[in-house]
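Trainee: For reference, the structure I am asking about is given below.
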Amino acid sequence: MEKLMLSEIIGAVRGSFGYPADVEIEDISTDTRTIKPNSLFIALKGANFDGHDFAEKAMELGAAAVMTERPVQGARCLIVDSTAQGLLDVASYYRSKFDIPLVGITGSVGKTTTKDMIHSVLSRGFKTLKTEANHNNEVGMPKTLLELDSSYKAAVIEMGMNHKGEISRMSTSCKPTICVITNIGVSHIENLGSQDGILKAKLEILDGASADAPLILSRDDRLLSKVQLYGDRKKMYYSISKKDSDVYASEVKADSEGISFNIHYEKQKYPARINCLGDHNVKNALAAFCCGICAGMDIDSIISGLADFKPEGMRQNIIRENGMTYILDCYNAAPDSMKASLSVLTQVEVTGKRIAVLGDMLELGKGAARYHRTVGEYVKAAKADVLLCFGDNSNYYIEGACDKGFDRENTKHFDTREELAEYLGSILQQGDAVLFKGSRGMKLEEVYNAVKQG
């Protein structure tokens, strides 16, 4: 972060401050454990904490002022109506100081991987800031913006949401110059009512976008393919198959290490490669290609940026150890992302068994049983040989798979991760491939770790 005058911040958040404001603020923090001298501490409130309780401590640690919603004894308080909105407002003001391409990205599934691919592409042309880890909410997103400095020439900002209005507030803060929506699924449908409700919430990404910011969409998504925009805003469609899209892929060929394909753009064909599996990752690469085009990059640099990308952590991370292949994808889960991960299992080269270890998909509301059964129906098409399930709703995976002809003798349901790990370890052999996929709360990475230590 570059220095801001406290007087600037007061104006940006429309707050009141009864002390001299000619103070340089060198850092903004929401956690007293990270307080630095001459910083501003923002007292956020959560379900189980209240930052106001730490305002005096922040002053003792060297904060120049604290942003609060009420006076706090022993603290120089910049008082605002909402400290949560104050964080967004100060980040918005700070972001306005940087005239750079900023890609805003949202979607039901795949947005983090797409964000990382876009970052890989843009980094070939610009020093690019990106959202790290899961900092894609109304606290993490503005804190990411505050990491900008004059050395950055571009940024990729991910926006997640549970309820309507959240993306609107984040978009207004980060002011994207390029907008991406990856897809419209059913994650958080219990809060938004329907997929149409989810679409409206995702389109809030335009609320803070510049008037000329293009909107990049998947033509392969049923709802996104029908989006109508007001005014002259440009839509740019990508597709893995539809040749009337602005950008599309052809001759998609997977091998043990990745996928080669051609990218078609403006009647020209460009060979490309990504070092990961799954047709959904081809779509993610096309979205990143579109962002590179909109940012004014040359195509050779874009293609090189795609080749640089490699998944990390618990998102479709392929690990090969002791003659076995593990696909670790335990960060989140929804029907589309489950099918995408199963497609990776299909494409992995094996000499033994393909084993699908599936945990529950959470936050699907009243349709949970139906959505789990639908994913189960895809298991046989994914060439899985064994289906192992964990979670209250995961029995529906088995029902869906068996409805499509999967051998029930090759399925098992487990009540604990420990039992699952013990059984999986007993059947694993060299040449096998294992997919671990479920919502974050299912903690299937613990099964993977137990099998490894086994």
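Going through the structure tokens in order, the chains are called A, B, and so on, while each chain numbers its residues from 1 and the ligands are numbered from 1 in the order shown.
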Any idea what's packed within 8 Å of A:Tyr248, counting only C-alpha atoms, ignoring anything in its chain fewer than 4 positions away? Could you give it as a compact mmCIF listing (two decimals) with C-alpha atoms, in the first residue's frame?

Mentor:
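New file part-v7.txt:
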# COMPACT_ATOMS: atom_id res chain seq x y z
CA TYR A 238 -16.12 -17.95 -25.70
CA SER A 239 -17.00 -21.61 -26.24
CA ILE A 240 -15.44 -25.03 -26.37
CA SER A 241 -17.55 -25.94 -29.40
CA LYS A 242 -19.84 -23.18 -30.72
CA LYS A 243 -18.14 -21.77 -33.80
CA ILE A 263 -7.97 -21.29 -30.30
CA HIS A 264 -9.99 -19.59 -33.04
CA TYR A 265 -10.21 -15.80 -32.98
CA LEU A 286 -10.54 -19.33 -23.43

Trainee: Among the residues of stretch 383-434 of chain A, find those DSSP assigns to strand (DSSP E) from the backbone and print them as JSON, numbers by chain.

Mentor: {"A": [386, 387, 388, 389, 390, 411, 412, 413, 414, 433, 434]}

Trainee: I need the chosen residues saved as an mmCIF file, in the first residue's frame, with C-alpha atoms.

Mentor:
data_model
loop_
_atom_site.group_PDB
_atom_site.id
_atom_site.type_symbol
_atom_site.label_atom_id
_atom_site.label_comp_id
_atom_site.auth_asym_id
_atom_site.auth_seq_id
_atom_site.Cartn_x
_atom_site.Cartn_y
_atom_site.Cartn_z
ATOM 1 C CA VAL A 386 -15.086 -47.695 -7.974
ATOM 2 C CA LEU A 387 -17.316 -45.151 -6.216
ATOM 3 C CA LEU A 388 -16.669 -44.380 -2.536
ATOM 4 C CA CYS A 389 -18.913 -41.857 -0.778
ATOM 5 C CA PHE A 390 -18.923 -39.890 2.469
ATOM 6 C CA THR A 411 -19.835 -48.704 -4.501
ATOM 7 C CA LYS A 412 -19.501 -48.090 -0.762
ATOM 8 C CA HIS A 413 -20.782 -45.448 1.640
ATOM 9 C CA PHE A 414 -18.874 -44.499 4.791
ATOM 10 C CA ALA A 433 -6.013 -42.982 -10.059
ATOM 11 C CA VAL A 434 -8.089 -41.500 -7.225
#

Trainee: List the spatial neighbours of A:Ile157 as a list in words - criterion: any atom at most 6 Å away, only C-alpha atoms, same-chain residues fewer than 5 positions off excluded.

Mentor: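 Residues near the query, excluding close chain neighbours: Gly104, Lys130 and Thr131 of chain A.
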
Trainee: Keeping N, CA and C atoms, export the residues of the selection given above as a PDB file, in the first residue's frame.

Mentor:
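Ended up saving to selection.pdb:
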ATOM      1  N   GLY A 104     -12.443  -8.063 -13.237  1.00  0.00           N
ATOM      2  CA  GLY A 104     -13.304  -8.561 -12.175  1.00  0.00           C
ATOM      3  C   GLY A 104     -13.923  -9.872 -12.628  1.00  0.00           C
ATOM      4  N   LYS A 130      -3.249 -10.182  -7.886  1.00  0.00           N
ATOM      5  CA  LYS A 130      -4.422 -11.057  -7.938  1.00  0.00           C
ATOM      6  C   LYS A 130      -4.952 -11.343  -6.545  1.00  0.00           C
ATOM      7  N   THR A 131      -6.212 -11.692  -6.475  1.00  0.00           N
ATOM      8  CA  THR A 131      -6.821 -12.167  -5.243  1.00  0.00           C
ATOM      9  C   THR A 131      -6.127 -13.456  -4.823  1.00  0.00           C
TER      10      THR A 131
END

Trainee: Excluding stretch 160-173 of chain A and residues on its chain fewer than 2 positions from it, collect all residues at most 8 Å away from it, counting only C-alpha atoms, and give them as a list in words.

Mentor: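 My reading of the contact set: Leu88, Asp89, Ala91, Ser92, Tyr93, Arg95, Gly104, Thr106, Gly107, Asn136, Asn137, Glu138, Met141, Pro142, Glu158, Lys175, Pro176, His188, Asn191, Leu192, Ala201, Lys202, Glu204, Ile205, Leu206, Asp207, Gly208 and Ala209 of chain A.
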
Trainee: Within 7 Å of A:Ile25, counting only C-alpha atoms, which residues qualify if same-chain residues fewer than 5 places away don't, as a list in words?

Mentor: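 Returned residues: Lys3, Leu4, Met5, Leu6, Asn38, Ser39 and Leu40 of chain A.
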
Trainee: Convert the current residue selection to file output with C-alpha atoms, as an mmCIF file, in the first residue's frame.

Mentor:
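Generated file (out14.cif):
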data_model
loop_
_atom_site.group_PDB
_atom_site.id
_atom_site.type_symbol
_atom_site.label_atom_id
_atom_site.label_comp_id
_atom_site.auth_asym_id
_atom_site.auth_seq_id
_atom_site.Cartn_x
_atom_site.Cartn_y
_atom_site.Cartn_z
ATOM 1 C CA LYS A 3 0.666 6.264 1.843
ATOM 2 C CA LEU A 4 -2.646 8.088 2.196
ATOM 3 C CA MET A 5 -3.379 11.204 4.192
ATOM 4 C CA LEU A 6 -5.890 10.556 6.950
ATOM 5 C CA ASN A 38 1.016 4.958 11.577
ATOM 6 C CA SER A 39 -1.678 2.545 10.469
ATOM 7 C CA LEU A 40 -5.463 2.827 10.443
#

Trainee: Which one of A:Leu87, A:Ala63, A:Val375, A:Ile42 sits closest to A:Ala340 if you count only C-alpha atoms?

Mentor: A:Val375

Trainee: Extract the full set of helix (DSSP H, G or I) residues from stretch 29-81 of chain A according to DSSP on the backbone, and format it as number ranges by chain.

Mentor: A: 32-34, 51-60

Trainee: Which one is closest to A:Val13: A:Leu78, A:Leu342, A:Leu146, A:Val379? Count only C-alpha atoms.

Mentor: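 Answer, going by the shortest atom-to-atom distance: A:Leu78.
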
Trainee: Using only C-alpha atoms, can you tell me which of A:Ala333, A:Ala65, A:Met297, A:Ser123 comes closest to A:Ser108?

Mentor: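 That would be A:Ala333, the residue with the smallest distance to A:Ser108.
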
Trainee: As an exercise, work out the distance from atom CA of A:Lys452 to atom CA of A:Gly425 in Å and give it to one decimal place.

Mentor: 8.4 Å

Trainee: Which residue is closest to A:Lys404? Choose from A:Met1, A:Ala381, A:Cys291, A:Ile9 and count only C-alpha atoms.

Mentor: A:Ala381

Trainee: Which residues, written as a ChimeraX atom specification, have at least one atom at most 7 Å from stretch 215-223 of chain A, with only C-alpha atoms counted and residues fewer than 3 positions away on the same chain left out?

Mentor: /A:178-184,226-227,234-239,245

Trainee: Which is closest to A:Ala211 among A:Lys127, A:Gly193, A:Asp232, A:Leu424, if we use only C-alpha atoms?

Mentor: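 Between A:Lys127, A:Gly193, A:Asp232, A:Leu424, the residue approaching A:Ala211 most closely is A:Asp232.
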
Trainee: Calculated over only C-alpha atoms, which of the candidates A:Met59, A:Glu446, A:Asn393, A:Asp196 has the smallest distance to A:Lys366?

Mentor: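 Closest residue, counting only C-alpha atoms: A:Asn393.
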
Trainee: Quick one: residues within 10 Å of A:Ile302, only C-alpha atoms counted, chain neighbours fewer than 3 positions away excluded, as a list in words?

Mentor: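 Skipping anything fewer than 3 positions along the chain leaves Ile118, Ser120, Val121, Leu122, Ser123, Arg124, Gly125, Ala272, Ala285, Ala288, Phe289, Cys290, Cys291, Gly292, Ile293, Met297, Asp298, Ile299, Gly305, Leu306, Ala307 and Asp308 of chain A.
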
Trainee: By how many Å are atom CA of A:Tyr423 and atom CA of A:Ser439 apart?

Mentor: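 If I compute the distance from atom CA of A:Tyr423 to atom CA of A:Ser439, I get 21.0 Å.
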
Trainee: Between atom CA of A:Phe49 and atom CA of A:Thr30, measure the distance and give it in Å to one decimal.

Mentor: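 Computing the Euclidean distance for atom CA of A:Phe49 and atom CA of A:Thr30 yields 11.9 Å.
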
Trainee: Enumerate, in order of chain and increasing residue number, the residues of stretch 258-340 of chain A with an atom no farther than 10 Å from stretch 355-365 of chain A, each with its shortest atom pair and distance in Å to one decimal, counting only C-alpha atoms, as JSON lines.

Mentor:
{"residue": "A:Tyr326", "atom": "CA", "partner": "A:Ile355", "partner_atom": "CA", "distance": 9.6}
{"residue": "A:Ile327", "atom": "CA", "partner": "A:Ala356", "partner_atom": "CA", "distance": 9.6}
{"residue": "A:Cys330", "atom": "CA", "partner": "A:Gly359", "partner_atom": "CA", "distance": 8.9}
{"residue": "A:Asn332", "atom": "CA", "partner": "A:Met361", "partner_atom": "CA", "distance": 7.8}
{"residue": "A:Ala333", "atom": "CA", "partner": "A:Met361", "partner_atom": "CA", "distance": 5.3}
{"residue": "A:Ala334", "atom": "CA", "partner": "A:Met361", "partner_atom": "CA", "distance": 5.8}
{"residue": "A:Pro335", "atom": "CA", "partner": "A:Met361", "partner_atom": "CA", "distance": 7.8}
{"residue": "A:Met338", "atom": "CA", "partner": "A:Leu358", "partner_atom": "CA", "distance": 8.6}

Trainee: Write a file of the just-selected residues containing N, CA and C atoms, as a PDB file, in the first residue's frame.

Mentor:
ATOM      1  N   TYR A 326      -3.174 -39.077  -7.742  1.00  0.00           N
ATOM      2  CA  TYR A 326      -4.195 -38.507  -6.874  1.00  0.00           C
ATOM      3  C   TYR A 326      -4.656 -37.174  -7.465  1.00  0.00           C
ATOM      4  N   ILE A 327      -5.956 -36.997  -7.574  1.00  0.00           N
ATOM      5  CA  ILE A 327      -6.530 -35.726  -8.020  1.00  0.00           C
ATOM      6  C   ILE A 327      -7.187 -35.104  -6.804  1.00  0.00           C
ATOM      7  N   CYS A 330     -10.599 -30.551  -3.239  1.00  0.00           N
ATOM      8  CA  CYS A 330     -11.401 -30.580  -2.007  1.00  0.00           C
ATOM      9  C   CYS A 330     -11.811 -29.196  -1.533  1.00  0.00           C
ATOM     10  N   ASN A 332     -14.178 -26.838  -2.882  1.00  0.00           N
ATOM     11  CA  ASN A 332     -15.620 -26.598  -2.874  1.00  0.00           C
ATOM     12  C   ASN A 332     -16.266 -27.567  -3.844  1.00  0.00           C
ATOM     13  N   ALA A 333     -17.605 -27.549  -3.881  1.00  0.00           N
ATOM     14  CA  ALA A 333     -18.286 -28.501  -4.758  1.00  0.00           C
ATOM     15  C   ALA A 333     -19.689 -28.015  -5.088  1.00  0.00           C
ATOM     16  N   ALA A 334     -20.065 -28.196  -6.331  1.00  0.00           N
ATOM     17  CA  ALA A 334     -21.401 -27.945  -6.852  1.00  0.00           C
ATOM     18  C   ALA A 334     -21.559 -28.911  -8.021  1.00  0.00           C
ATOM     19  N   PRO A 335     -22.765 -29.144  -8.523  1.00  0.00           N
ATOM     20  CA  PRO A 335     -22.928 -30.127  -9.595  1.00  0.00           C
ATOM     21  C   PRO A 335     -21.985 -29.928 -10.775  1.00  0.00           C
ATOM     22  N   MET A 338     -18.401 -30.798  -9.769  1.00  0.00           N
ATOM     23  CA  MET A 338     -18.256 -32.248  -9.573  1.00  0.00           C
ATOM     24  C   MET A 338     -18.067 -32.947 -10.917  1.00  0.00           C
TER      25      MET A 338
END
